[in-house]
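**Student:** Sharing target.cif here; it has mmCIF, C-alpha atoms.
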data_run
#
loop_
_atom_site.group_PDB
_atom_site.id
_atom_site.type_symbol
_atom_site.label_atom_id
_atom_site.label_comp_id
_atom_site.auth_asym_id
_atom_site.auth_seq_id
_atom_site.Cartn_x
_atom_site.Cartn_y
_atom_site.Cartn_z
ATOM 1 C CA MET A 100 113.515 87.392 96.578
ATOM 2 C CA ASP A 101 116.196 90.057 96.839
ATOM 3 C CA VAL A 102 119.607 90.501 95.233
ATOM 4 C CA ALA A 103 121.479 89.037 98.221
ATOM 5 C CA ASP A 104 119.394 85.839 98.065
ATOM 6 C CA ALA A 105 120.076 85.505 94.338
ATOM 7 C CA ILE A 106 123.819 85.967 94.865
ATOM 8 C CA ARG A 107 123.830 83.420 97.729
ATOM 9 C CA ARG A 108 121.987 80.829 95.619
ATOM 10 C CA PHE A 109 124.239 81.339 92.615
ATOM 11 C CA SER A 110 127.409 81.189 94.731
ATOM 12 C CA LYS A 111 126.422 77.677 95.894
ATOM 13 C CA THR A 112 126.479 76.347 92.325
ATOM 14 C CA PRO A 113 129.662 75.130 90.579
ATOM 15 C CA LEU A 114 131.268 78.221 89.023
ATOM 16 C CA LYS A 115 133.439 78.285 85.894
ATOM 17 C CA HIS A 116 136.124 80.570 87.388
ATOM 18 C CA ARG A 117 137.317 79.297 90.754
ATOM 19 C CA MET A 118 137.673 82.836 92.189
ATOM 20 C CA SER A 119 134.113 83.896 91.305
ATOM 21 C CA LYS A 120 132.965 82.644 94.715
ATOM 22 C CA TYR A 121 135.414 85.072 96.361
ATOM 23 C CA LEU A 122 133.881 87.934 94.350
ATOM 24 C CA LEU A 123 130.320 86.895 95.222
ATOM 25 C CA GLU A 124 131.241 86.746 98.932
ATOM 26 C CA TYR A 125 132.699 90.255 98.646
ATOM 27 C CA LEU A 126 129.431 91.483 97.122
ATOM 28 C CA LEU A 127 127.428 89.963 99.975
ATOM 29 C CA GLU A 128 129.652 91.663 102.572
ATOM 30 C CA ASN A 129 129.609 95.084 100.863
ATOM 31 C CA THR A 130 126.051 96.238 101.645
ATOM 32 C CA GLU A 131 126.527 99.604 99.937
ATOM 33 C CA LEU A 132 127.452 97.951 96.630
ATOM 34 C CA LEU A 133 124.832 95.240 97.146
ATOM 35 C CA HIS A 134 122.076 97.890 97.061
ATOM 36 C CA LYS A 135 123.377 99.124 93.693
ATOM 37 C CA ILE A 136 123.241 95.722 91.966
ATOM 38 C CA ARG A 137 120.494 94.916 89.464
ATOM 39 C CA ILE A 138 120.174 91.326 88.246
ATOM 40 C CA VAL A 139 119.511 91.120 84.486
ATOM 41 C CA ASN A 140 119.194 88.409 81.845
ATOM 42 C CA THR A 141 121.243 90.323 79.257
ATOM 43 C CA ARG A 142 123.970 92.935 79.522
ATOM 44 C CA ALA A 143 123.350 94.348 76.042
ATOM 45 C CA TYR A 144 123.269 98.163 75.910
ATOM 46 C CA LEU A 145 123.918 98.516 79.642
ATOM 47 C CA PRO A 146 126.871 100.671 80.780
ATOM 48 C CA ASP A 147 128.364 98.957 83.861
ATOM 49 C CA THR A 148 127.995 95.185 83.794
ATOM 50 C CA MET A 149 129.345 91.986 85.254
ATOM 51 C CA MET A 150 128.821 88.398 84.084
ATOM 52 C CA ILE A 151 129.565 85.288 86.111
ATOM 53 C CA ALA A 152 129.169 81.828 84.568
ATOM 54 C CA GLN A 153 128.545 78.402 85.999
ATOM 55 C CA ALA A 154 130.866 75.544 85.158
ATOM 56 C CA GLY A 155 129.945 74.075 81.772
ATOM 57 C CA VAL A 156 128.776 77.314 80.154
ATOM 58 C CA GLU A 157 130.195 78.224 76.737
ATOM 59 C CA GLY A 158 132.210 81.440 76.579
ATOM 60 C CA PRO A 159 134.155 83.393 79.178
ATOM 61 C CA PRO A 160 133.844 82.472 82.870
ATOM 62 C CA PHE A 161 133.790 86.058 84.133
ATOM 63 C CA GLU A 162 133.669 89.612 82.791
ATOM 64 C CA LEU A 163 133.438 93.045 84.370
ATOM 65 C CA GLU A 164 132.852 95.944 81.970
ATOM 66 C CA LEU A 165 132.633 99.489 83.273
ATOM 67 C CA GLY A 166 131.871 102.522 81.147
ATOM 68 C CA ALA A 167 130.664 100.379 78.252
ATOM 69 C CA VAL A 168 128.818 102.031 75.387
ATOM 70 C CA GLU A 169 127.229 99.698 72.840
ATOM 71 C CA ARG A 170 125.516 100.951 69.721
ATOM 72 C CA ASP A 171 124.393 99.782 66.311
ATOM 73 C CA GLU A 172 126.213 101.327 63.373
ATOM 74 C CA VAL A 173 125.281 101.113 59.718
ATOM 75 C CA SER A 174 128.062 101.409 57.154
ATOM 76 C CA MET A 175 128.529 100.872 53.444
ATOM 77 C CA VAL A 176 130.677 97.833 52.554
ATOM 78 C CA ASN A 177 131.105 96.861 48.886
ATOM 79 C CA GLY A 178 128.009 98.826 47.945
ATOM 80 C CA ARG A 179 125.821 97.163 50.609
ATOM 81 C CA LEU A 180 124.565 98.496 53.912
ATOM 82 C CA VAL A 181 125.998 96.482 56.798
ATOM 83 C CA LYS A 182 124.718 96.755 60.377
ATOM 84 C CA GLN A 183 127.331 96.174 63.070
ATOM 85 C CA LYS A 184 127.425 96.439 66.835
ATOM 86 C CA ARG A 185 130.220 98.612 68.204
ATOM 87 C CA LYS A 186 131.254 98.513 71.832
ATOM 88 C CA ASN A 187 133.630 100.818 73.678
ATOM 89 C CA ARG A 188 134.491 100.348 77.327
ATOM 90 C CA ALA A 189 136.664 102.101 79.874
ATOM 91 C CA ILE A 190 137.474 98.992 81.963
ATOM 92 C CA TRP A 191 137.318 95.326 80.949
ATOM 93 C CA ILE A 192 138.416 92.713 83.477
ATOM 94 C CA ASN A 193 138.384 88.898 83.232
ATOM 95 C CA ASP A 194 139.727 88.133 86.725
ATOM 96 C CA PRO A 195 137.304 88.193 89.701
ATOM 97 C CA VAL A 196 140.069 89.056 92.185
ATOM 98 C CA GLN A 197 141.101 92.082 90.129
ATOM 99 C CA ALA A 198 137.401 92.986 89.806
ATOM 100 C CA VAL A 199 137.049 93.156 93.596
ATOM 101 C CA GLU A 200 139.768 95.819 93.703
ATOM 102 C CA VAL A 201 138.024 97.860 91.000
ATOM 103 C CA LEU A 202 134.593 97.447 92.633
ATOM 104 C CA ARG A 203 135.924 98.849 95.935
ATOM 105 C CA LYS A 204 135.935 102.275 94.230
ATOM 106 C CA PHE A 205 132.809 101.756 92.103
ATOM 107 C CA THR A 206 129.849 104.035 92.929
ATOM 108 C CA GLY A 207 127.275 103.512 90.140
ATOM 109 C CA ILE A 208 124.602 100.924 89.389
ATOM 110 C CA LEU A 209 126.063 97.514 88.474
ATOM 111 C CA TYR A 210 124.052 95.234 86.188
ATOM 112 C CA VAL A 211 124.873 91.584 86.891
ATOM 113 C CA GLU A 212 124.104 88.597 84.679
ATOM 114 C CA PHE A 213 124.430 85.014 85.906
ATOM 115 C CA ARG A 214 124.856 82.401 83.171
ATOM 116 C CA PHE A 215 123.609 78.901 83.856
ATOM 117 C CA ALA A 216 124.898 75.633 82.383
ATOM 118 C CA GLY A 217 121.437 74.096 82.338
ATOM 119 C CA GLU A 218 117.931 75.416 82.586
ATOM 120 C CA ILE A 219 117.517 78.866 84.116
ATOM 121 C CA PRO A 220 116.006 78.436 87.609
ATOM 122 C CA ASP A 221 112.686 80.022 88.575
ATOM 123 C CA TRP A 222 114.270 82.170 91.311
ATOM 124 C CA TYR A 223 116.505 83.819 88.684
ATOM 125 C CA ARG A 224 113.577 84.446 86.353
ATOM 126 C CA GLN A 225 111.678 85.972 89.295
ATOM 127 C CA ILE A 226 114.393 88.467 90.255
ATOM 128 C CA VAL A 227 114.941 89.459 86.605
ATOM 129 C CA ALA A 228 111.176 90.020 86.222
ATOM 130 C CA GLU A 229 111.160 92.208 89.358
ATOM 131 C CA PHE A 230 113.924 94.360 87.877
ATOM 132 C CA LYS A 231 112.088 94.627 84.534
ATOM 133 C CA ALA A 232 108.908 95.711 86.342
ATOM 134 C CA GLU A 233 110.938 98.355 88.204
ATOM 135 C CA CYS A 234 112.373 99.618 84.884
ATOM 136 C CA VAL A 235 108.932 99.780 83.258
ATOM 137 C CA MET A 236 107.607 101.762 86.206
ATOM 138 C CA GLU A 237 110.573 104.162 86.018
ATOM 139 C CA SER A 238 110.090 104.675 82.285
ATOM 140 C CA GLU A 239 106.367 105.326 82.777
ATOM 141 C CA VAL A 240 107.127 107.943 85.433
ATOM 142 C CA THR A 241 109.731 109.511 83.146
ATOM 143 C CA GLN A 242 107.193 109.634 80.309
ATOM 144 C CA LEU A 243 104.569 111.232 82.590
ATOM 145 C CA ILE A 244 107.017 113.904 83.731
ATOM 146 C CA ARG A 245 108.056 114.611 80.138
ATOM 147 C CA GLU A 246 104.391 115.008 79.075
ATOM 148 C CA GLN A 247 103.639 117.268 82.023
ATOM 149 C CA VAL A 248 106.629 119.495 81.291
ATOM 150 C CA GLU A 249 105.503 119.772 77.660
ATOM 151 C CA LEU A 250 101.991 120.730 78.823
ATOM 152 C CA LEU A 251 103.426 123.292 81.224
ATOM 153 C CA LEU A 252 105.551 124.862 78.485
ATOM 154 C CA SER A 253 102.569 124.891 76.120
ATOM 155 C CA GLY A 254 100.516 126.629 78.813
ATOM 156 C CA ILE A 255 103.164 129.300 79.285
ATOM 157 C CA ILE A 256 103.351 129.924 75.534
ATOM 158 C CA LEU A 257 99.543 130.070 75.252
ATOM 159 C CA LYS A 258 99.335 132.501 78.158
ATOM 160 C CA ASN A 259 101.790 134.761 76.340
ATOM 161 C CA GLU A 260 99.705 134.473 73.137
ATOM 162 C CA ILE A 261 96.522 135.340 75.113
ATOM 163 C CA ASP A 262 98.208 138.469 76.493
ATOM 164 C CA ARG A 263 99.327 139.447 72.988
ATOM 165 C CA ALA A 264 95.787 138.915 71.585
ATOM 166 C CA LEU A 265 94.427 141.151 74.377
ATOM 167 C CA GLN A 266 96.978 143.871 73.616
ATOM 168 C CA GLN A 267 96.140 143.722 69.901
ATOM 169 C CA GLY A 268 92.385 143.613 70.581
ATOM 170 C CA ASP A 269 91.983 140.409 68.510
ATOM 171 C CA GLN A 270 88.880 138.871 70.098
ATOM 172 C CA GLN A 271 88.736 135.829 67.778
ATOM 173 C CA LEU A 272 92.387 134.878 68.437
ATOM 174 C CA PHE A 273 91.808 135.528 72.150
ATOM 175 C CA GLN A 274 88.845 133.082 72.248
ATOM 176 C CA ILE A 275 90.804 130.375 70.396
ATOM 177 C CA LYS A 276 93.862 130.681 72.655
ATOM 178 C CA VAL A 277 91.774 130.786 75.860
ATOM 179 C CA GLN A 278 90.012 127.551 74.819
ATOM 180 C CA GLN A 279 93.364 125.865 74.124
ATOM 181 C CA TYR A 280 94.731 127.186 77.424
ATOM 182 C CA LYS A 281 91.774 125.731 79.367
ATOM 183 C CA GLN A 282 92.312 122.326 77.741
ATOM 184 C CA ILE A 283 96.001 122.407 78.683
ATOM 185 C CA CYS A 284 95.146 123.400 82.273
ATOM 186 C CA GLU A 285 92.716 120.468 82.596
ATOM 187 C CA ARG A 286 95.399 117.970 81.541
ATOM 188 C CA CYS A 287 98.289 119.464 83.489
ATOM 189 C CA LEU A 288 98.943 118.280 87.042
ATOM 190 C CA TRP A 289 100.592 121.591 87.983
ATOM 191 C CA GLU A 290 98.791 124.870 88.374
ATOM 192 C CA PHE A 291 100.142 127.868 86.498
#
Can you give me the file's structure in the form of structure tokens?

**Tutor:**
Amino acid sequence: MDVADAIRRFSKTPLKHRMSKYLLEYLLENTELLHKIRIVNTRAYLPDTMMIAQAGVEGPPFELELGAVERDEVSMVNGRLVKQKRKNRAIWINDPVQAVEVLRKFTGILYVEFRFAGEIPDWYRQIVAEFKAECVMESEVTQLIREQVELLLSGIILKNEIDRALQQGDQQLFQIKVQQYKQICERCLWEF
């Protein structure tokens, strides 16, 4: 299932805000924006989000938040530590028609949450799981790159220390650093 299929299915359900269908149709027609949409099951801690609710759901029918920054803050209140969530946002819209105008100029990734009045359908769980798998893969790649950069930097530093040990004629330090350098080279994907 892809994002367009999920939007089509959700648009056929009774929606809490009568103009949400207009917004969903706009998303389906705007292929450039459609490719930048990620379906999620929670908007917490995400920067650019939109929520659309079915009829019968508690809470607001529609929200578009762009430039949102959410963080946990700990403060001292009456001698006790209190943890609070703080949220700042650049744009906050509750009208789907107004949101269409803002989204015409939007260029980033948009995280979209659909809220259901009843049980969450399997197709929605499936597309959310696909996005989570994509995120896990991206974070694993990011971690691998970070580790490799650290190994590369360690190799450069060790090479410098080997050269210094050679210049000073310190054979014991030279042997230790060469052994460490070889271990780094075996683990590093780049040659240096």

**Student:** Could you tell me how far atom CA of A:Glu164 lies from atom CA of A:Pro146, in Å and to one decimal?

**Tutor:**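 Computed distance, atom CA of A:Glu164 to atom CA of A:Pro146, equals 7.7 Å.
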
**Student:** Rounded to one decimal, what separation in Å do you get between atom CA of A:Ala105 and atom CA of A:Lys204?

**Tutor:**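 These two atoms are separated by 23.1 Å.
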
**Student:** Using all atoms listed in the file, find the one residue out of A:Arg108, A:Lys182, A:Arg142, A:Arg203 that sits nearest to A:Leu126.

**Tutor:**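 Ranking A:Arg108, A:Lys182, A:Arg142, A:Arg203 by distance to A:Leu126, first place goes to A:Arg203.
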
**Student:** One decimal, Å: what's the distance from atom CA of A:Gly207 over to atom CA of A:Val102, could you say?

**Tutor:**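 If I compute the distance from atom CA of A:Gly207 to atom CA of A:Val102, I get 15.9 Å.
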
**Student:** Which one of A:Asp262, A:Gln153, A:Pro159, A:Cys287 sits closest to A:Val248 if you count only C-alpha atoms?

**Tutor:**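 Of A:Asp262, A:Gln153, A:Pro159, A:Cys287, the one nearest A:Val248 is A:Cys287, counting only C-alpha atoms.
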
**Student:** Nearest to A:Gln282 among A:Met150, A:Ile219, A:Ile190, A:Leu250, with distances taken over all atoms listed in the file: which residue is it?

**Tutor:**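 Closest residue, counting all atoms listed in the file: A:Leu250.
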
**Student:** Pull out every residue that the PyMOL selection byres ((chain A and resi 117-123) around 7) matches in the shown coordinates and put them as a PDB file with C-alpha atoms, in the coordinates of the input.

**Tutor:**
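Okay, selection-v2.pdb is ready:
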ATOM      1  CA  ILE A 106     123.819  85.967  94.865  1.00  0.00           C
ATOM      2  CA  SER A 110     127.409  81.189  94.731  1.00  0.00           C
ATOM      3  CA  LEU A 114     131.268  78.221  89.023  1.00  0.00           C
ATOM      4  CA  LYS A 115     133.439  78.285  85.894  1.00  0.00           C
ATOM      5  CA  HIS A 116     136.124  80.570  87.388  1.00  0.00           C
ATOM      6  CA  GLU A 124     131.241  86.746  98.932  1.00  0.00           C
ATOM      7  CA  TYR A 125     132.699  90.255  98.646  1.00  0.00           C
ATOM      8  CA  LEU A 126     129.431  91.483  97.122  1.00  0.00           C
ATOM      9  CA  LEU A 127     127.428  89.963  99.975  1.00  0.00           C
ATOM     10  CA  PRO A 195     137.304  88.193  89.701  1.00  0.00           C
ATOM     11  CA  VAL A 196     140.069  89.056  92.185  1.00  0.00           C
ATOM     12  CA  VAL A 199     137.049  93.156  93.596  1.00  0.00           C
TER      13      VAL A 199
END

**Student:** Quick one: residues within 7 Å of A:Val227, only C-alpha atoms counted, chain neighbours fewer than 5 positions away excluded, as a PyMOL selection string?

**Tutor:** chain A and resi 138-140

**Student:** List the residues matched by the PyMOL selection byres ((chain A and resi 222) around 10) in the displayed structure as an NGL selection string, ordered by chain and then by residue number.

**Tutor:** :A and (100-101 or 104-105 or 108 or 219-221 or 223-228)

**Student:** Neighbours of A:Gly166 within 12 Å (all atoms listed in the file; same-chain residues fewer than 6 positions away dropped), as a list in words?

**Tutor:**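 Neighbouring residues, sequence-local ones excluded: Tyr144, Leu145, Pro146, Asp147, Thr148, Met149, Lys186, Asn187, Arg188, Ala189, Ile190, Trp191, Phe205, Gly207, Ile208, Leu209 and Tyr210 of chain A.
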
**Student:** Tell me which of A:Arg286, A:Gln271, A:Arg263, A:Leu132 sits closest to A:Glu246, counting all atoms listed in the file.

**Tutor:**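 Checking each candidate against A:Glu246, we get A:Arg286 as the closest.
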
**Student:** Here is a test: counting only C-alpha atoms, which residue of A:Asp194, A:Glu285, A:Glu212, A:Glu200 is nearest to A:Ile151?

**Tutor:**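 Among the listed residues, the smallest separation from A:Ile151 belongs to A:Glu212.
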